[in-house]
Each structure stands twice: as C-alpha cells, then as structure tokens.
file model.cif (mmCIF, C-alpha atoms and all ligand atoms)
data_model
#
loop_
_atom_site.label_atom_id
_atom_site.label_comp_id
_atom_site.auth_asym_id
_atom_site.auth_seq_id
_atom_site.Cartn_x
_atom_site.Cartn_y
_atom_site.Cartn_z
CA MET A 1 5.49 17.39 11.89
CA ASP A 2 1.81 16.96 11.05
CA LEU A 3 2.00 14.89 7.86
CA LYS A 4 -1.43 16.17 6.82
CA THR A 5 0.15 19.55 6.08
CA VAL A 6 2.42 18.08 3.39
CA VAL A 7 -0.22 16.07 1.51
CA ARG A 8 -1.55 18.08 -1.43
CA THR A 9 -5.26 17.79 -2.19
CA ILE A 10 -6.42 18.14 -5.78
CA PRO A 11 -10.21 18.45 -6.07
CA ASP A 12 -12.03 16.72 -8.93
CA TYR A 13 -9.03 14.60 -10.03
CA PRO A 14 -9.10 12.22 -11.85
CA LYS A 15 -12.84 12.95 -12.05
CA ALA A 16 -15.51 15.15 -10.53
CA GLY A 17 -16.21 14.51 -6.85
CA ILE A 18 -12.87 12.85 -6.02
CA MET A 19 -10.45 14.64 -3.67
CA PHE A 20 -7.12 13.28 -4.88
CA ARG A 21 -4.60 13.02 -2.03
CA ASP A 22 -1.25 13.65 -3.70
CA ILE A 23 1.75 12.38 -1.70
CA THR A 24 4.43 13.69 -4.09
CA THR A 25 4.67 16.80 -1.89
CA LEU A 26 5.28 14.57 1.16
CA LEU A 27 7.88 12.51 -0.71
CA GLY A 28 9.64 15.69 -1.84
CA ASP A 29 10.03 16.95 1.73
CA ALA A 30 13.06 15.21 3.27
CA ARG A 31 11.87 15.42 6.89
CA ALA A 32 8.32 14.37 6.05
CA PHE A 33 9.46 11.40 3.95
CA ARG A 34 11.76 10.16 6.72
CA GLN A 35 9.07 10.66 9.36
CA ALA A 36 6.47 8.76 7.30
CA VAL A 37 8.82 5.80 6.74
CA ASP A 38 9.88 5.79 10.42
CA GLU A 39 6.25 5.79 11.58
CA LEU A 40 5.21 3.09 9.09
CA VAL A 41 7.90 0.63 10.22
CA GLN A 42 8.01 1.53 13.94
CA PRO A 43 5.45 -1.09 15.13
CA PHE A 44 7.34 -3.80 13.23
CA ALA A 45 10.87 -3.10 14.40
CA GLY A 46 12.20 -6.33 15.91
CA GLN A 47 9.27 -8.35 14.52
CA LYS A 48 11.44 -10.33 12.10
CA ILE A 49 9.66 -9.16 8.96
CA ASP A 50 11.11 -11.12 6.03
CA LYS A 51 9.70 -9.00 3.21
CA VAL A 52 7.83 -5.82 2.47
CA ALA A 53 5.34 -5.98 -0.41
CA GLY A 54 4.50 -2.73 -2.23
CA ILE A 55 1.56 -2.06 -4.54
CA GLU A 56 2.38 -0.39 -7.90
CA ALA A 57 3.28 2.40 -8.15
CA ARG A 58 3.34 4.65 -5.06
CA GLY A 59 3.66 1.61 -2.80
CA PHE A 60 7.03 0.92 -4.45
CA ILE A 61 8.50 4.21 -3.23
CA LEU A 62 7.34 3.85 0.35
CA GLY A 63 7.72 0.06 0.44
CA GLY A 64 11.30 0.14 -0.81
CA ALA A 65 12.29 2.60 1.89
CA CYS A 66 10.46 0.56 4.56
CA ALA A 67 12.15 -2.67 3.40
CA HIS A 68 15.54 -1.01 3.71
CA GLN A 69 14.74 0.27 7.19
CA LEU A 70 13.58 -3.19 8.35
CA SER A 71 16.47 -5.00 6.62
CA ALA A 72 13.79 -6.95 4.75
CA GLY A 73 13.45 -7.97 1.11
CA PHE A 74 11.03 -6.20 -1.24
CA VAL A 75 8.26 -7.77 -3.32
CA PRO A 76 6.64 -5.74 -6.13
CA LEU A 77 2.91 -6.36 -6.69
CA ARG A 78 2.29 -5.22 -10.23
CA LYS A 79 -0.36 -4.57 -12.81
CA LYS A 80 -1.02 -7.35 -15.27
CA GLY A 81 1.70 -8.19 -17.79
CA LYS A 82 4.61 -6.28 -16.23
CA LEU A 83 6.55 -9.04 -14.48
CA PRO A 84 8.94 -11.10 -16.64
CA HIS A 85 8.96 -14.48 -14.85
CA LYS A 86 6.14 -16.92 -13.95
CA THR A 87 3.40 -15.13 -12.05
CA ILE A 88 0.34 -15.76 -9.94
CA ALA A 89 -2.57 -13.37 -10.30
CA VAL A 90 -5.69 -12.17 -8.52
CA GLU A 91 -8.56 -10.35 -10.21
CA TYR A 92 -10.29 -7.53 -8.41
CA ALA A 93 -13.24 -5.27 -9.09
CA LEU A 94 -12.81 -1.65 -10.15
CA GLU A 95 -15.61 0.87 -10.38
CA TYR A 96 -16.05 -0.19 -13.99
CA GLY A 97 -14.90 -3.73 -14.82
CA THR A 98 -12.01 -5.68 -13.32
CA ASP A 99 -8.24 -5.55 -13.13
CA ALA A 100 -5.58 -8.08 -12.22
CA MET A 101 -2.62 -7.83 -9.86
CA GLU A 102 0.37 -10.10 -10.30
CA MET A 103 3.34 -11.34 -8.28
CA HIS A 104 6.19 -13.64 -9.21
CA GLU A 105 5.25 -17.13 -8.06
CA ASP A 106 8.57 -17.50 -6.22
CA ALA A 107 8.55 -14.02 -4.65
CA CYS A 108 7.73 -15.40 -1.19
CA LEU A 109 8.72 -18.60 0.57
CA ALA A 110 6.03 -20.52 2.47
CA GLY A 111 5.53 -18.97 5.89
CA GLU A 112 7.47 -15.78 5.25
CA ARG A 113 6.34 -12.82 7.34
CA VAL A 114 5.31 -10.00 5.00
CA LEU A 115 4.26 -6.40 5.55
CA LEU A 116 2.02 -4.78 2.92
CA ILE A 117 2.57 -1.08 2.14
CA ASP A 118 0.64 1.42 0.02
CA ASP A 119 0.15 5.18 0.09
CA LEU A 120 -3.60 5.22 0.68
CA ILE A 121 -6.49 2.91 1.54
CA ALA A 122 -9.94 3.85 0.30
CA THR A 123 -12.43 0.98 -0.26
CA GLY A 124 -9.70 -1.57 0.44
CA GLY A 125 -10.30 -3.44 -2.82
CA THR A 126 -6.71 -3.05 -3.98
CA ALA A 127 -5.18 -4.07 -0.65
CA GLU A 128 -7.60 -7.01 -0.33
CA ALA A 129 -6.38 -8.31 -3.71
CA ALA A 130 -2.78 -7.86 -2.58
CA ILE A 131 -3.40 -9.84 0.63
CA LYS A 132 -5.09 -12.65 -1.33
CA LEU A 133 -2.14 -12.74 -3.72
CA LEU A 134 0.45 -12.82 -0.94
CA ARG A 135 -1.43 -15.58 0.88
CA GLN A 136 -1.75 -17.55 -2.36
CA GLY A 137 2.02 -17.21 -2.68
CA GLY A 138 2.52 -18.73 0.79
CA ALA A 139 3.20 -15.54 2.77
CA VAL A 140 1.84 -14.70 6.20
CA VAL A 141 0.63 -11.09 6.08
CA GLU A 142 1.65 -9.56 9.41
CA GLY A 143 0.20 -6.13 8.73
CA ALA A 144 -1.00 -3.62 6.15
CA CYS A 145 0.28 -0.05 6.53
CA PHE A 146 -0.80 3.10 4.76
CA VAL A 147 0.14 6.74 5.02
CA ILE A 148 -3.49 7.81 4.44
CA ASP A 149 -6.80 6.23 5.42
CA LEU A 150 -10.17 7.37 4.10
CA PRO A 151 -12.19 5.75 6.92
CA GLU A 152 -15.61 6.57 5.46
CA LEU A 153 -14.88 4.14 2.62
CA GLY A 154 -14.41 1.21 5.00
CA GLY A 155 -11.17 -0.25 3.65
CA ALA A 156 -9.42 -0.70 6.99
CA ALA A 157 -12.43 -2.56 8.42
CA ARG A 158 -12.46 -4.79 5.34
CA LEU A 159 -8.82 -5.82 5.88
CA LYS A 160 -9.29 -6.33 9.62
CA ALA A 161 -12.13 -8.74 8.75
CA MET A 162 -9.54 -10.75 6.80
CA GLY A 163 -7.46 -11.02 9.97
CA VAL A 164 -4.83 -8.47 8.96
CA PRO A 165 -3.79 -5.73 11.43
CA VAL A 166 -4.13 -2.34 9.71
CA SER A 167 -2.37 0.91 10.56
CA SER A 168 -2.36 4.33 8.96
CA LEU A 169 -0.59 7.59 9.81
CA ILE A 170 -3.28 10.14 8.94
CA ALA A 171 -6.94 10.17 7.91
CA PHE A 172 -9.07 12.41 5.73
CA GLU A 173 -12.84 12.69 5.77
CA GLY A 174 -14.81 11.96 2.64
CA HIS A 175 -13.72 10.31 -0.61
P1 LIG A 201 -9.05 1.23 -2.91
O1 LIG A 201 -8.80 -0.04 -3.66
O2 LIG A 201 -10.41 1.77 -3.11
O3 LIG A 201 -8.68 1.09 -1.44
O4 LIG A 201 -8.09 2.34 -3.54
C1 LIG A 201 -6.75 2.39 -3.17
C2 LIG A 201 -5.84 2.72 -4.33
O5 LIG A 201 -6.36 3.79 -5.14
C3 LIG A 201 -4.50 3.16 -3.79
O6 LIG A 201 -3.47 2.57 -4.58
C4 LIG A 201 -4.54 4.67 -3.89
O7 LIG A 201 -3.29 5.18 -4.30
C5 LIG A 201 -5.62 4.98 -4.94
N1 LIG A 201 -6.59 5.99 -4.45
C6 LIG A 201 -7.90 5.78 -4.13
N2 LIG A 201 -8.52 6.90 -3.74
C7 LIG A 201 -7.59 7.89 -3.78
C8 LIG A 201 -7.60 9.30 -3.47
N3 LIG A 201 -8.70 9.95 -3.01
N4 LIG A 201 -6.44 9.99 -3.62
C9 LIG A 201 -5.31 9.37 -4.05
N5 LIG A 201 -5.24 8.05 -4.38
C10 LIG A 201 -6.36 7.31 -4.24
#
call {"tool": "encode", "arguments": {"input": "model.cif", "output": "structure tokens", "more": "lines below"}}
Ligand code: AMP
result
Amino acid sequence: MDLKTVVRTIPDYPKAGIMFRDITTLLGDARAFRQAVDELVQPFAGQKIDKVAGIEARGFILGGACAHQLSAGFVPLRKKGKLPHKTIAVEYALEYGTDAMEMHEDACLAGERVLLIDDLIATGGTAEAAIKLLRQGGAVVEGACFVIDLPELGGAARLKAMGVPVSSLIAFEGH
C-alpha cells in the first residue's frame, strides 16, 4: 500500500500556510498501521536495539508498537513537567520562544542502543533536542525514523550532520 494515500492533509492547520499531515487516518487503518511499523523497524531487525524512544505524543503510538516489534524497551520523551521522577532536560527553539523536553535520568543505561521514533520530521528541531537528551542520558542513538519527511525543511540533513542515520517512509513537498 502507498502510505501517502492514508495520510490526511488539512490545509491551514494550526495556522495559515501550514499543510498539516494528519496520521490518525493511517493509524486507524489496520493494514497501513502494521505496514508503517514493519517498515520503520525493518532496517533494525537483528541490530540489538535496547530501547525505542518516542517523542510526545504521536511518537508514543508508533514508538510503542516499534518497541514491541523489536522486543526493546520504550522511553517516553515528554513535554516539561509531565514525568514524575528525576529528569534531565533540553531546551529547544520554537517559532516563538523556547520549549523543554524531558526524560527520566535513569531511562537509559550508559551505552544502550536506542532508536528514536516520531511521526514527522520538518525542521528537525524537535528530533535534534531528543537526540541531545538521549546522548546526555548516556544512550547511543542508532537511528532516527519517521513516517513522514518534509525534505524542503532540512530536518533529515540536520540529524545526519549530528551523526545519526535518518530514515523516513514517505515525503511531502512544501511545509
Ligand atoms: P520540527 O521540530 O520542525 O521537525 O517539527 C516536528 C514536530 O512537529 C513533529 O512532532 C511533528 O508531529 C510536528 N509537525 C511539524 N510540521 C508538521 C506538519 N506539517 N504536519 C503535522 N505535524 C507537523
């Protein structure tokens, strides 16, 4: 199946000029959801991935399924103030102002092989923060995988420059 056909596009959401790529239609289609998870994990089968890290919130859905498929643990990377135990944090720039992403300080053991998962990479700012956080926590980031890439925004190139292999299943032009 061409996964592009099950991603719903909502123009001008959340604001004018943005084409919002909605994956709830993909998640709701049993065959498409299975295919996406299979394709995300396929390059890492047999690679001894210890943990999958997912970015709140859509990265939790895909990341949880990928972790199960790889028999790996799951690490939630969350917005500030959501995790109950001791955390480490990384600040990152948004279009207006900054935000922080947090992870439990003991979520990863030193040297653990971790795969990062999110639904979509645009500028790469969110994923870059996640990689910094995982590395700060002692993890080795073996790859960053996305269902959707928006190549014009340069995110994949940004992560590759950090030494992280990047893969995505489909791409859309524009923002
Ligand atoms: P960025 O940090 O610019 O790579 O943005 C990535 C994050 O923003 C991901 O968590 C995406 O879910 C979300 N995002 C950015 N652009 C879009 C878009 N056009 N459609 C849906 N989600 C988006």
call {"tool": "closest_residue", "arguments": {"input": "model.cif", "among": "A:Asp118, A:Lys86, A:Arg8, A:Phe146", "to": "Gly54 of chain A", "atoms": "all atoms listed in the file"}}
result
A:Asp118
call {"tool": "closest_atom_pairs", "arguments": {"input": "model.cif", "of": "chain A", "to": "ligand LIG 201 (chain A)", "cutoff": "6 Å", "atoms": "only C-alpha atoms and all ligand atoms", "output": "tab-separated table"}}
result
residue	atom	partner	partner_atom	distance
A:Ile18	CA	A:LIG201	N3	5.9
A:Met19	CA	A:LIG201	N3	5.0
A:Phe20	CA	A:LIG201	N4	3.6
A:Arg21	CA	A:LIG201	N4	3.9
A:Asp22	CA	A:LIG201	C9	5.9
A:Asp119	CA	A:LIG201	O7	5.6
A:Leu120	CA	A:LIG201	C4	4.7
A:Ile121	CA	A:LIG201	O3	4.1
A:Ala122	CA	A:LIG201	O3	3.5
A:Thr123	CA	A:LIG201	O2	3.6
A:Gly124	CA	A:LIG201	O3	3.4
A:Gly125	CA	A:LIG201	O1	3.8
A:Thr126	CA	A:LIG201	O1	3.7
A:Gly155	CA	A:LIG201	O3	5.8
A:His175	CA	A:LIG201	N3	5.6
call {"tool": "write_last_selection", "arguments": {"input": "model.cif", "atoms": "C-alpha atoms", "output": "JSON list (two decimals), keeping the file's coordinate frame"}}
result
[["chain", "number", "residue", "atom", "x", "y", "z"],
["A", 18, "ILE", "CA", -12.87, 12.85, -6.02],
["A", 19, "MET", "CA", -10.45, 14.64, -3.67],
["A", 20, "PHE", "CA", -7.12, 13.28, -4.88],
["A", 21, "ARG", "CA", -4.60, 13.02, -2.03],
["A", 22, "ASP", "CA", -1.25, 13.65, -3.70],
["A", 119, "ASP", "CA", 0.15, 5.18, 0.09],
["A", 120, "LEU", "CA", -3.60, 5.22, 0.68],
["A", 121, "ILE", "CA", -6.49, 2.91, 1.54],
["A", 122, "ALA", "CA", -9.94, 3.85, 0.30],
["A", 123, "THR", "CA", -12.43, 0.98, -0.26],
["A", 124, "GLY", "CA", -9.70, -1.57, 0.44],
["A", 125, "GLY", "CA", -10.30, -3.44, -2.82],
["A", 126, "THR", "CA", -6.71, -3.05, -3.98],
["A", 155, "GLY", "CA", -11.17, -0.25, 3.65],
["A", 175, "HIS", "CA", -13.72, 10.31, -0.61]]
call {"tool": "closest_residue", "arguments": {"input": "model.cif", "among": "A:His68, A:Ala45, A:Ala156, A:Val114", "to": "Val141 of chain A", "atoms": "all atoms listed in the file"}}
result
A:Val114
call {"tool": "atom_distance", "arguments": {"input": "model.cif", "atom1": "atom CA of Val164 of chain A", "atom2": "atom CA of Ile131 of chain A"}}
result
8.6 Å
call {"tool": "atom_distance", "arguments": {"input": "model.cif", "atom1": "atom CA of Arg34 of chain A", "atom2": "atom CA of Asp149 of chain A"}}
result
19.0 Å
call {"tool": "atom_distance", "arguments": {"input": "model.cif", "atom1": "atom CA of Ala72 of chain A", "atom2": "atom CA of Ala157 of chain A"}}
result
26.8 Å
call {"tool": "residues_around", "arguments": {"input": "model.cif", "residues": "Glu105 of chain A", "least_positions_apart": "5", "cutoff": "12 Å", "atoms": "all atoms listed in the file", "output": "VMD selection string"}}
result
chain A and resid 75 to 77 83 to 89 110 133 to 139
call {"tool": "residues_around", "arguments": {"input": "model.cif", "residues": "Val7 of chain A", "least_positions_apart": "3", "cutoff": "9 Å", "atoms": "only C-alpha atoms", "output": "JSON, numbers by chain"}}
result
{"A": [3, 4, 21, 22, 23, 24, 25, 26]}
call {"tool": "closest_residue", "arguments": {"input": "model.cif", "among": "A:Thr5, A:Gln35, A:Gln47, A:Gln42", "to": "Cys145 of chain A", "atoms": "only C-alpha atoms"}}
result
A:Gln42
call {"tool": "closest_residue", "arguments": {"input": "model.cif", "among": "A:Arg78, A:Asp29, A:Ala161, A:Lys15", "to": "Arg58 of chain A", "atoms": "only C-alpha atoms"}}
result
A:Arg78
call {"tool": "residues_around", "arguments": {"input": "model.cif", "residues": "Lys79 of chain A", "least_positions_apart": "2", "cutoff": "8 Å", "atoms": "all atoms listed in the file", "output": "NGL selection string"}}
result
:A and (56 or 77 or 81-82 or 99-102)
call {"tool": "build_atoms", "arguments": {"input": "model.cif", "residues": "segment 91-116 of chain A", "atoms": "N, CA and C atoms", "output": "mmCIF file, in the frame of the given file"}}
result
data_model
loop_
_atom_site.group_PDB
_atom_site.id
_atom_site.type_symbol
_atom_site.label_atom_id
_atom_site.label_comp_id
_atom_site.auth_asym_id
_atom_site.auth_seq_id
_atom_site.Cartn_x
_atom_site.Cartn_y
_atom_site.Cartn_z
ATOM 1 N N GLU A 91 -7.721 -11.370 -9.585
ATOM 2 C CA GLU A 91 -8.560 -10.350 -10.210
ATOM 3 C C GLU A 91 -9.305 -9.579 -9.136
ATOM 4 N N TYR A 92 -9.503 -8.292 -9.363
ATOM 5 C CA TYR A 92 -10.290 -7.530 -8.410
ATOM 6 C C TYR A 92 -11.161 -6.517 -9.139
ATOM 7 N N ALA A 93 -12.244 -6.132 -8.458
ATOM 8 C CA ALA A 93 -13.240 -5.270 -9.090
ATOM 9 C C ALA A 93 -12.805 -3.812 -9.028
ATOM 10 N N LEU A 94 -12.970 -3.109 -10.118
ATOM 11 C CA LEU A 94 -12.810 -1.650 -10.150
ATOM 12 C C LEU A 94 -14.209 -1.072 -10.255
ATOM 13 N N GLU A 95 -14.297 0.249 -10.266
ATOM 14 C CA GLU A 95 -15.610 0.870 -10.380
ATOM 15 C C GLU A 95 -16.301 0.402 -11.663
ATOM 16 N N TYR A 96 -15.511 0.358 -12.745
ATOM 17 C CA TYR A 96 -16.050 -0.190 -13.990
ATOM 18 C C TYR A 96 -15.157 -1.340 -14.402
ATOM 19 N N GLY A 97 -15.666 -2.568 -14.361
ATOM 20 C CA GLY A 97 -14.900 -3.730 -14.820
ATOM 21 C C GLY A 97 -13.954 -4.286 -13.777
ATOM 22 N N THR A 98 -12.941 -5.033 -14.240
ATOM 23 C CA THR A 98 -12.010 -5.680 -13.320
ATOM 24 C C THR A 98 -10.576 -5.406 -13.759
ATOM 25 N N ASP A 99 -9.656 -5.649 -12.823
ATOM 26 C CA ASP A 99 -8.240 -5.550 -13.130
ATOM 27 C C ASP A 99 -7.556 -6.750 -12.490
ATOM 28 N N ALA A 100 -6.310 -6.979 -12.843
ATOM 29 C CA ALA A 100 -5.580 -8.080 -12.220
ATOM 30 C C ALA A 100 -4.276 -7.566 -11.647
ATOM 31 N N MET A 101 -3.892 -8.156 -10.500
ATOM 32 C CA MET A 101 -2.620 -7.830 -9.860
ATOM 33 C C MET A 101 -1.774 -9.088 -9.885
ATOM 34 N N GLU A 102 -0.496 -8.926 -10.154
ATOM 35 C CA GLU A 102 0.370 -10.100 -10.300
ATOM 36 C C GLU A 102 1.602 -10.017 -9.397
ATOM 37 N N MET A 103 2.123 -11.211 -9.092
ATOM 38 C CA MET A 103 3.340 -11.340 -8.280
ATOM 39 C C MET A 103 4.115 -12.521 -8.836
ATOM 40 N N HIS A 104 5.418 -12.464 -8.800
ATOM 41 C CA HIS A 104 6.190 -13.640 -9.210
ATOM 42 C C HIS A 104 5.861 -14.807 -8.286
ATOM 43 N N GLU A 105 5.683 -15.989 -8.871
ATOM 44 C CA GLU A 105 5.250 -17.130 -8.060
ATOM 45 C C GLU A 105 6.257 -17.509 -6.982
ATOM 46 N N ASP A 106 7.539 -17.168 -7.216
ATOM 47 C CA ASP A 106 8.570 -17.500 -6.220
ATOM 48 C C ASP A 106 9.009 -16.290 -5.391
ATOM 49 N N ALA A 107 8.164 -15.254 -5.365
ATOM 50 C CA ALA A 107 8.550 -14.020 -4.650
ATOM 51 C C ALA A 107 8.606 -14.236 -3.135
ATOM 52 N N CYS A 108 7.757 -15.127 -2.639
ATOM 53 C CA CYS A 108 7.730 -15.400 -1.190
ATOM 54 C C CYS A 108 7.935 -16.887 -0.949
ATOM 55 N N LEU A 109 8.615 -17.211 0.139
ATOM 56 C CA LEU A 109 8.720 -18.600 0.570
ATOM 57 C C LEU A 109 7.548 -18.885 1.503
ATOM 58 N N ALA A 110 7.143 -20.158 1.589
ATOM 59 C CA ALA A 110 6.030 -20.520 2.470
ATOM 60 C C ALA A 110 6.341 -20.071 3.893
ATOM 61 N N GLY A 111 5.383 -19.367 4.498
ATOM 62 C CA GLY A 111 5.530 -18.970 5.890
ATOM 63 C C GLY A 111 6.282 -17.673 6.117
ATOM 64 N N GLU A 112 6.751 -17.043 5.063
ATOM 65 C CA GLU A 112 7.470 -15.780 5.250
ATOM 66 C C GLU A 112 6.540 -14.693 5.787
ATOM 67 N N ARG A 113 7.106 -13.876 6.684
ATOM 68 C CA ARG A 113 6.340 -12.820 7.340
ATOM 69 C C ARG A 113 6.454 -11.542 6.500
ATOM 70 N N VAL A 114 5.309 -11.108 5.975
ATOM 71 C CA VAL A 114 5.310 -10.000 5.000
ATOM 72 C C VAL A 114 4.465 -8.837 5.505
ATOM 73 N N LEU A 115 4.970 -7.642 5.239
ATOM 74 C CA LEU A 115 4.260 -6.400 5.550
ATOM 75 C C LEU A 115 3.816 -5.775 4.228
ATOM 76 N N LEU A 116 2.541 -5.416 4.130
ATOM 77 C CA LEU A 116 2.020 -4.780 2.920
ATOM 78 C C LEU A 116 2.014 -3.264 3.088
#
